[in-house]
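Scroll down for the structure; my scribbles are underneath it.
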Amino acid sequence: MSRLVSAKDMLIKARDGKYAVAQININNLEWTKAVLQTVQELKSPVILGVSEGAGKYMCGYKTVVGMVNGMLDSLDITVPVALHLDHGSFEGAKACINAGFSSIMFDGSHYPIEENIAKTTALVNTCDILGLSLEAEVGSIGGEEDGVVGMGECADPDECKAVADLGVTMLAAGIGNIHGKYPANWPGLRFDVLEAIKAKTGDMPLVLHGGTGIPDDMIKKAISLGVAKINVNTECQLVFQEATRKYIEEGKDLQGKGFDPRKLLAPGFEAIKAKVTEKITTFGSVGKA
C-alpha cells in the first residue's frame with residue numbers, strides 16, 4: 001500500500017504559510033534514505049525529485065517506486081512524501097504515471113508556447129483523474145539539466161498565466177535562476193519578473209529551480225513573493241563528493257573494513273543529511289508536517 005501523496009496539499013499549505021517545500025533530487029538508495037530520515041526527524045514534508053537520467057541510472061521508474069515505498073514502510077515515515085518526475089518529457093511523464101509516481105513535472109519550456117500548452121493540457125486531465133500533482137514550466141531555467149542547456153531566461157508573465165490557467169498544480173517560471181553552480185558574474189534573481197508572474201497567476205504555487213547557490217536572503221524574498229517549492233540537487237552532490245573524498249584521502253578506506261561500501265558511503269550519507277537539514281530550515285518547512 002503506497003503512502004506517497006500528491007504535492008498539492010503540501011504546496012497550498014506552504015503558499016499560505018509563507019514557507020517552501022524542498023524538492024530534493026535522489027540519485028541512489030543512500031540519497032533517498034538520508035532525505036527520508038532527515039525529514040521524518042524534523043517533521044517536514046518533502047518532494048523526492050527524480051530526473052529522467054537518474055531514473056535510468058536507478059534501473060527504471062518501477063525500481064524507484066519500489067525502493068521509495070519500501071523505505072516509507074521500513075523507516076516508518078509519517079510525514080507527507082511526494083515522488084516527483086523532474087523535467088520530464090511527455091513520454092517520461094506517461095511512464096512515471098504508469099510506474100506509480102505521485103507527482104509529475106512536464107517540461108515543455110523548449111517547445112513553442114502553443115505546443116507546451118497542448119501537451120500540458122493532455123497531462124492535466126490524466127493527473128486530475130489519478131489525483132497526481134502536475135508541474136509545468138515556462139521560460140527555460142539556465143544551466144544544464146540532463147542535457148538540456150538554458151541561459152537562465154525569464155519567463156513571459158502572459159505565457160505563465162496561459163499555462164497556470166490550464167489547471168496545473170504548480171508552475172516553474174524562469175526568473176534568472178540556473179541549474180548547477182552559479183557563475184561569479186550571476187546578476188541574481190529577477191524579483192520584478194517574479195512579481196509580474198505572481199500578479200498574473202494569482203494563487204498558483206510557484207517553483208524555483210536551481211536552488212543551489214542562491215543566497216538565503218534571495219530565497220526568503222522569493223518565498224515571500226509566492227514561491228512554495230524550491231529544488232535542490234547539486235548542493236547535495238557536492239557535499240557527498242567532498243565527504244567521500246575526505247574519507248579516502250585520509251586513508252580510512254584502507255583501515256580495517258573501511259572499504260565496505262556501508263562504511264565508505266557513510267560520511268557522504270551524513271553530509272546529505274546535514275545539507276537537507278540546512279535547506280529545509282532555510283525554507284521554513286521544519287515542523288510543518
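Letters A, B, ... mark the chains of the C-alpha cells in the order given; residue numbers begin at 1 per chain; ligand numbers begin at 1, in order shown.
Neighbouring residues of A:Gly258 at 12 Å or closer, counting only C-alpha atoms and skipping chain neighbours under 5 positions away, are Thr244, Tyr247, Ile248, Glu250, Gly251, Lys252, Asp253, Lys263, Leu264, Leu265, Ala266 and Pro267 of chain A.
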Print the selection's residues with N, CA, C and O atoms to a file, as an mmCIF file, in the first residue's frame.
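Saved to result-v9.cif:
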data_model
loop_
_atom_site.group_PDB
_atom_site.id
_atom_site.type_symbol
_atom_site.label_atom_id
_atom_site.label_comp_id
_atom_site.auth_asym_id
_atom_site.auth_seq_id
_atom_site.Cartn_x
_atom_site.Cartn_y
_atom_site.Cartn_z
ATOM 1 N N THR A 244 33.156 12.072 0.754
ATOM 2 C CA THR A 244 33.729 10.826 0.253
ATOM 3 C C THR A 244 35.214 11.009 -0.053
ATOM 4 O O THR A 244 36.055 10.161 0.293
ATOM 5 N N TYR A 247 37.234 11.086 3.220
ATOM 6 C CA TYR A 247 37.341 9.735 3.797
ATOM 7 C C TYR A 247 38.465 8.952 3.119
ATOM 8 O O TYR A 247 39.296 8.319 3.785
ATOM 9 N N ILE A 248 38.522 9.036 1.789
ATOM 10 C CA ILE A 248 39.538 8.286 1.036
ATOM 11 C C ILE A 248 40.916 8.940 1.179
ATOM 12 O O ILE A 248 41.918 8.256 1.373
ATOM 13 N N GLU A 250 42.032 10.519 3.638
ATOM 14 C CA GLU A 250 42.552 10.235 4.987
ATOM 15 C C GLU A 250 42.915 8.757 5.159
ATOM 16 O O GLU A 250 43.324 8.340 6.241
ATOM 17 N N GLY A 251 42.722 7.986 4.079
ATOM 18 C CA GLY A 251 43.111 6.573 4.110
ATOM 19 C C GLY A 251 42.193 5.675 4.918
ATOM 20 O O GLY A 251 42.546 4.542 5.244
ATOM 21 N N LYS A 252 40.989 6.170 5.218
ATOM 22 C CA LYS A 252 40.083 5.387 6.071
ATOM 23 C C LYS A 252 39.551 4.141 5.369
ATOM 24 O O LYS A 252 39.157 3.185 6.014
ATOM 25 N N ASP A 253 39.550 4.189 4.040
ATOM 26 C CA ASP A 253 39.087 3.016 3.288
ATOM 27 C C ASP A 253 40.098 1.866 3.376
ATOM 28 O O ASP A 253 39.778 0.730 3.048
ATOM 29 N N LYS A 263 30.496 1.554 5.014
ATOM 30 C CA LYS A 263 31.374 2.481 5.731
ATOM 31 C C LYS A 263 31.880 3.590 4.805
ATOM 32 O O LYS A 263 31.942 4.761 5.189
ATOM 33 N N LEU A 264 32.227 3.206 3.599
ATOM 34 C CA LEU A 264 32.769 4.145 2.611
ATOM 35 C C LEU A 264 31.776 5.264 2.285
ATOM 36 O O LEU A 264 32.163 6.417 2.115
ATOM 37 N N LEU A 265 30.510 4.920 2.208
ATOM 38 C CA LEU A 265 29.489 5.906 1.812
ATOM 39 C C LEU A 265 28.843 6.606 3.010
ATOM 40 O O LEU A 265 28.067 7.542 2.824
ATOM 41 N N ALA A 266 29.179 6.172 4.219
ATOM 42 C CA ALA A 266 28.549 6.762 5.415
ATOM 43 C C ALA A 266 28.834 8.258 5.582
ATOM 44 O O ALA A 266 27.909 9.023 5.892
ATOM 45 N N PRO A 267 30.073 8.737 5.399
ATOM 46 C CA PRO A 267 30.307 10.173 5.557
ATOM 47 C C PRO A 267 29.495 11.011 4.552
ATOM 48 O O PRO A 267 28.967 12.063 4.899
#
Please identify every residue of stretch 171-227 of chain A that has at least one atom no farther than 10 Å from an atom of stretch 21-35 of chain A, counting only C-alpha atoms, and for each give the shortest atom pair and the distance in Å to one decimal, arranged by chain then increasing number, as a tab-separated table.
residue	atom	partner	partner_atom	distance
A:Val207	CA	A:Val21	CA	9.5
A:Leu208	CA	A:Gln23	CA	9.8
A:His209	CA	A:Gln23	CA	9.2
A:Gly211	CA	A:Ala22	CA	9.2
A:Val227	CA	A:Val21	CA	9.3
DSSP-assigned alpha helix (DSSP H) among stretch 83-275 of chain A, expressed as a VMD selection string
chain A and resid 90 to 99 113 to 130 157 to 164 191 to 201 216 to 224 234 to 249 261 to 264 266 to 275
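For the pair atom CA of A:Leu4 and atom CA of A:Thr121, the interatomic distance is 23.9 Å.
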Excluding stretch 104-112 of chain A and residues on its chain fewer than 6 positions from it, collect all residues at most 7 Å away from it, counting only C-alpha atoms, and give them as a short mmCIF file (atom, residue, chain, number, x, y, z; two decimals) with N, CA and C atoms, in the first residue's frame.
data_model
loop_
_atom_site.label_atom_id
_atom_site.label_comp_id
_atom_site.auth_asym_id
_atom_site.auth_seq_id
_atom_site.Cartn_x
_atom_site.Cartn_y
_atom_site.Cartn_z
N HIS A 84 8.33 12.66 -7.38
CA HIS A 84 8.08 13.61 -8.46
C HIS A 84 9.08 13.45 -9.61
N LEU A 85 8.55 13.35 -10.82
CA LEU A 85 9.42 13.35 -12.00
C LEU A 85 9.90 14.77 -12.24
N ASP A 86 11.22 14.95 -12.38
CA ASP A 86 11.80 16.28 -12.57
C ASP A 86 12.15 16.50 -14.04
N HIS A 87 11.70 17.60 -14.61
CA HIS A 87 11.98 17.93 -16.02
C HIS A 87 11.63 16.79 -16.96
N GLY A 88 10.42 16.28 -16.82
CA GLY A 88 10.03 15.14 -17.64
C GLY A 88 9.66 15.52 -19.06
N SER A 89 9.95 14.60 -19.98
CA SER A 89 9.42 14.70 -21.34
C SER A 89 7.98 14.18 -21.30
N PHE A 90 7.26 14.33 -22.39
CA PHE A 90 5.87 13.84 -22.46
C PHE A 90 5.85 12.33 -22.26
N ALA A 93 6.74 11.45 -18.66
CA ALA A 93 5.60 11.71 -17.77
C ALA A 93 4.64 10.52 -17.79
N THR A 120 0.72 20.02 -22.14
CA THR A 120 0.41 20.17 -20.71
C THR A 120 -1.07 19.87 -20.47
N SER A 133 -0.19 15.38 -8.64
CA SER A 133 0.10 16.80 -8.86
C SER A 133 0.92 16.95 -10.13
N LEU A 134 0.76 18.10 -10.79
CA LEU A 134 1.43 18.35 -12.07
C LEU A 134 2.12 19.70 -12.06
N GLU A 135 3.41 19.69 -12.39
CA GLU A 135 4.19 20.91 -12.51
C GLU A 135 4.47 21.18 -13.99
N ALA A 136 4.29 22.44 -14.39
CA ALA A 136 4.60 22.84 -15.76
C ALA A 136 5.72 23.88 -15.70
N GLU A 137 6.38 24.11 -16.83
CA GLU A 137 7.46 25.11 -16.87
C GLU A 137 7.31 26.05 -18.04
N VAL A 138 7.58 27.32 -17.75
CA VAL A 138 7.57 28.35 -18.79
C VAL A 138 8.89 29.12 -18.70
N GLY A 139 9.57 29.31 -19.85
CA GLY A 139 10.84 30.05 -19.84
C GLY A 139 11.93 29.17 -19.28
N SER A 140 12.84 28.69 -20.10
CA SER A 140 13.74 27.64 -19.64
C SER A 140 14.69 28.13 -18.54
#
Contacts of A:Ile77 at 8 Å or less, counting only C-alpha atoms, minus same-chain residues fewer than 5 places along, as a PyMOL selection string?
chain A and resi 36-37+40+71-72
Write out, as an mmCIF file, in the first residue's frame, the residues just selected, with N, CA, C and O atoms.
data_model
loop_
_atom_site.group_PDB
_atom_site.id
_atom_site.type_symbol
_atom_site.label_atom_id
_atom_site.label_comp_id
_atom_site.auth_asym_id
_atom_site.auth_seq_id
_atom_site.Cartn_x
_atom_site.Cartn_y
_atom_site.Cartn_z
ATOM 1 N N LEU A 36 14.801 10.912 3.560
ATOM 2 C CA LEU A 36 13.614 10.478 4.312
ATOM 3 C C LEU A 36 13.850 10.498 5.826
ATOM 4 O O LEU A 36 12.983 10.935 6.583
ATOM 5 N N GLN A 37 15.005 10.036 6.261
ATOM 6 C CA GLN A 37 15.290 10.065 7.697
ATOM 7 C C GLN A 37 15.315 11.495 8.232
ATOM 8 O O GLN A 37 14.796 11.777 9.309
ATOM 9 N N GLN A 40 11.780 13.091 8.387
ATOM 10 C CA GLN A 40 10.998 12.475 9.457
ATOM 11 C C GLN A 40 11.423 13.037 10.817
ATOM 12 O O GLN A 40 10.580 13.387 11.650
ATOM 13 N N MET A 71 10.950 1.974 1.664
ATOM 14 C CA MET A 71 11.533 2.800 2.728
ATOM 15 C C MET A 71 10.471 3.492 3.573
ATOM 16 O O MET A 71 10.637 3.636 4.780
ATOM 17 N N LEU A 72 9.392 3.945 2.937
ATOM 18 C CA LEU A 72 8.330 4.600 3.708
ATOM 19 C C LEU A 72 7.826 3.649 4.790
ATOM 20 O O LEU A 72 7.561 4.060 5.930
#
query: Expressed in Å to a single decimal, how great is the separation between atom CA of A:Ala155 and atom CA of A:Met170?
result: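 Distance between the two atoms: 14.6 Å.
The smallest atom-to-atom distance between A:Phe269 and any of A:Tyr57, A:Phe240, A:Tyr19, A:Trp186, using only C-alpha atoms, is found for A:Phe240.
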Find the spatial neighbours of A:Ala196, counting only C-alpha atoms, within a cut-off of 12 Å - ignore same-chain residues fewer than 5 positions away - and output them as a list in words. Cys154, Ala155, Asp156, Pro157, Asp158, Glu159, Cys160, Lys161, Ala173, Ile175, Arg190, Phe191, Thr201, Gly202, Leu225 and Gly226 of chain A
For the selection you just gave me, I'd like the residues written to a file as an mmCIF file, in the first residue's frame, keeping N, CA, C and O atoms.
data_model
loop_
_atom_site.group_PDB
_atom_site.id
_atom_site.type_symbol
_atom_site.label_atom_id
_atom_site.label_comp_id
_atom_site.auth_asym_id
_atom_site.auth_seq_id
_atom_site.Cartn_x
_atom_site.Cartn_y
_atom_site.Cartn_z
ATOM 1 N N CYS A 154 14.135 34.643 -18.611
ATOM 2 C CA CYS A 154 12.992 34.986 -17.768
ATOM 3 C C CYS A 154 11.709 34.649 -18.519
ATOM 4 O O CYS A 154 11.596 34.875 -19.724
ATOM 5 N N ALA A 155 10.776 34.080 -17.789
ATOM 6 C CA ALA A 155 9.506 33.683 -18.394
ATOM 7 C C ALA A 155 8.664 34.916 -18.702
ATOM 8 O O ALA A 155 8.768 35.941 -18.036
ATOM 9 N N ASP A 156 7.810 34.776 -19.706
ATOM 10 C CA ASP A 156 6.845 35.813 -20.060
ATOM 11 C C ASP A 156 5.626 35.661 -19.145
ATOM 12 O O ASP A 156 4.979 34.605 -19.151
ATOM 13 N N PRO A 157 5.287 36.682 -18.345
ATOM 14 C CA PRO A 157 4.153 36.557 -17.406
ATOM 15 C C PRO A 157 2.835 36.159 -18.073
ATOM 16 O O PRO A 157 2.047 35.414 -17.491
ATOM 17 N N ASP A 158 2.603 36.622 -19.317
ATOM 18 C CA ASP A 158 1.359 36.248 -20.003
ATOM 19 C C ASP A 158 1.344 34.765 -20.369
ATOM 20 O O ASP A 158 0.305 34.101 -20.279
ATOM 21 N N GLU A 159 2.513 34.252 -20.777
ATOM 22 C CA GLU A 159 2.606 32.816 -21.066
ATOM 23 C C GLU A 159 2.425 32.022 -19.767
ATOM 24 O O GLU A 159 1.808 30.949 -19.760
ATOM 25 N N CYS A 160 2.968 32.530 -18.662
ATOM 26 C CA CYS A 160 2.791 31.873 -17.353
ATOM 27 C C CYS A 160 1.309 31.773 -17.017
ATOM 28 O O CYS A 160 0.834 30.736 -16.556
ATOM 29 N N LYS A 161 0.577 32.855 -17.254
ATOM 30 C CA LYS A 161 -0.861 32.861 -16.967
ATOM 31 C C LYS A 161 -1.586 31.835 -17.830
ATOM 32 O O LYS A 161 -2.439 31.088 -17.341
ATOM 33 N N ALA A 173 8.769 28.905 -13.254
ATOM 34 C CA ALA A 173 8.957 30.008 -14.187
ATOM 35 C C ALA A 173 10.380 30.525 -14.049
ATOM 36 O O ALA A 173 10.858 30.762 -12.945
ATOM 37 N N ILE A 175 13.278 32.910 -13.635
ATOM 38 C CA ILE A 175 13.460 34.302 -13.193
ATOM 39 C C ILE A 175 14.964 34.591 -13.044
ATOM 40 O O ILE A 175 15.404 35.244 -12.105
ATOM 41 N N ARG A 190 15.478 37.797 -10.654
ATOM 42 C CA ARG A 190 14.722 38.961 -11.122
ATOM 43 C C ARG A 190 13.388 39.012 -10.386
ATOM 44 O O ARG A 190 12.395 38.424 -10.816
ATOM 45 N N PHE A 191 13.384 39.728 -9.265
ATOM 46 C CA PHE A 191 12.164 39.787 -8.452
ATOM 47 C C PHE A 191 11.047 40.574 -9.137
ATOM 48 O O PHE A 191 9.873 40.334 -8.890
ATOM 49 N N THR A 201 -0.695 35.122 -12.164
ATOM 50 C CA THR A 201 -1.079 33.727 -11.891
ATOM 51 C C THR A 201 -1.820 33.562 -10.559
ATOM 52 O O THR A 201 -2.271 32.478 -10.233
ATOM 53 N N GLY A 202 -1.934 34.637 -9.796
ATOM 54 C CA GLY A 202 -2.746 34.607 -8.572
ATOM 55 C C GLY A 202 -2.266 33.619 -7.535
ATOM 56 O O GLY A 202 -1.151 33.716 -7.041
ATOM 57 N N LEU A 225 7.249 36.140 -2.067
ATOM 58 C CA LEU A 225 6.565 36.542 -3.305
ATOM 59 C C LEU A 225 5.812 35.386 -3.978
ATOM 60 O O LEU A 225 5.439 35.495 -5.141
ATOM 61 N N GLY A 226 5.628 34.284 -3.268
ATOM 62 C CA GLY A 226 4.779 33.221 -3.816
ATOM 63 C C GLY A 226 5.458 31.923 -4.211
ATOM 64 O O GLY A 226 4.809 31.003 -4.698
#
Could you find all residues in stretch 60-137 of chain A that DSSP calls strand (DSSP E) from the backbone, and write them as a ChimeraX atom specification?
-> /A:81-88,103-106,133-137
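Neighbours of A:Leu42 closer than or equal to 7 Å, with only C-alpha atoms counted and sequence neighbours fewer than 3 positions away skipped, come out as Thr38, Val39, Val286 and Gly287 of chain A.
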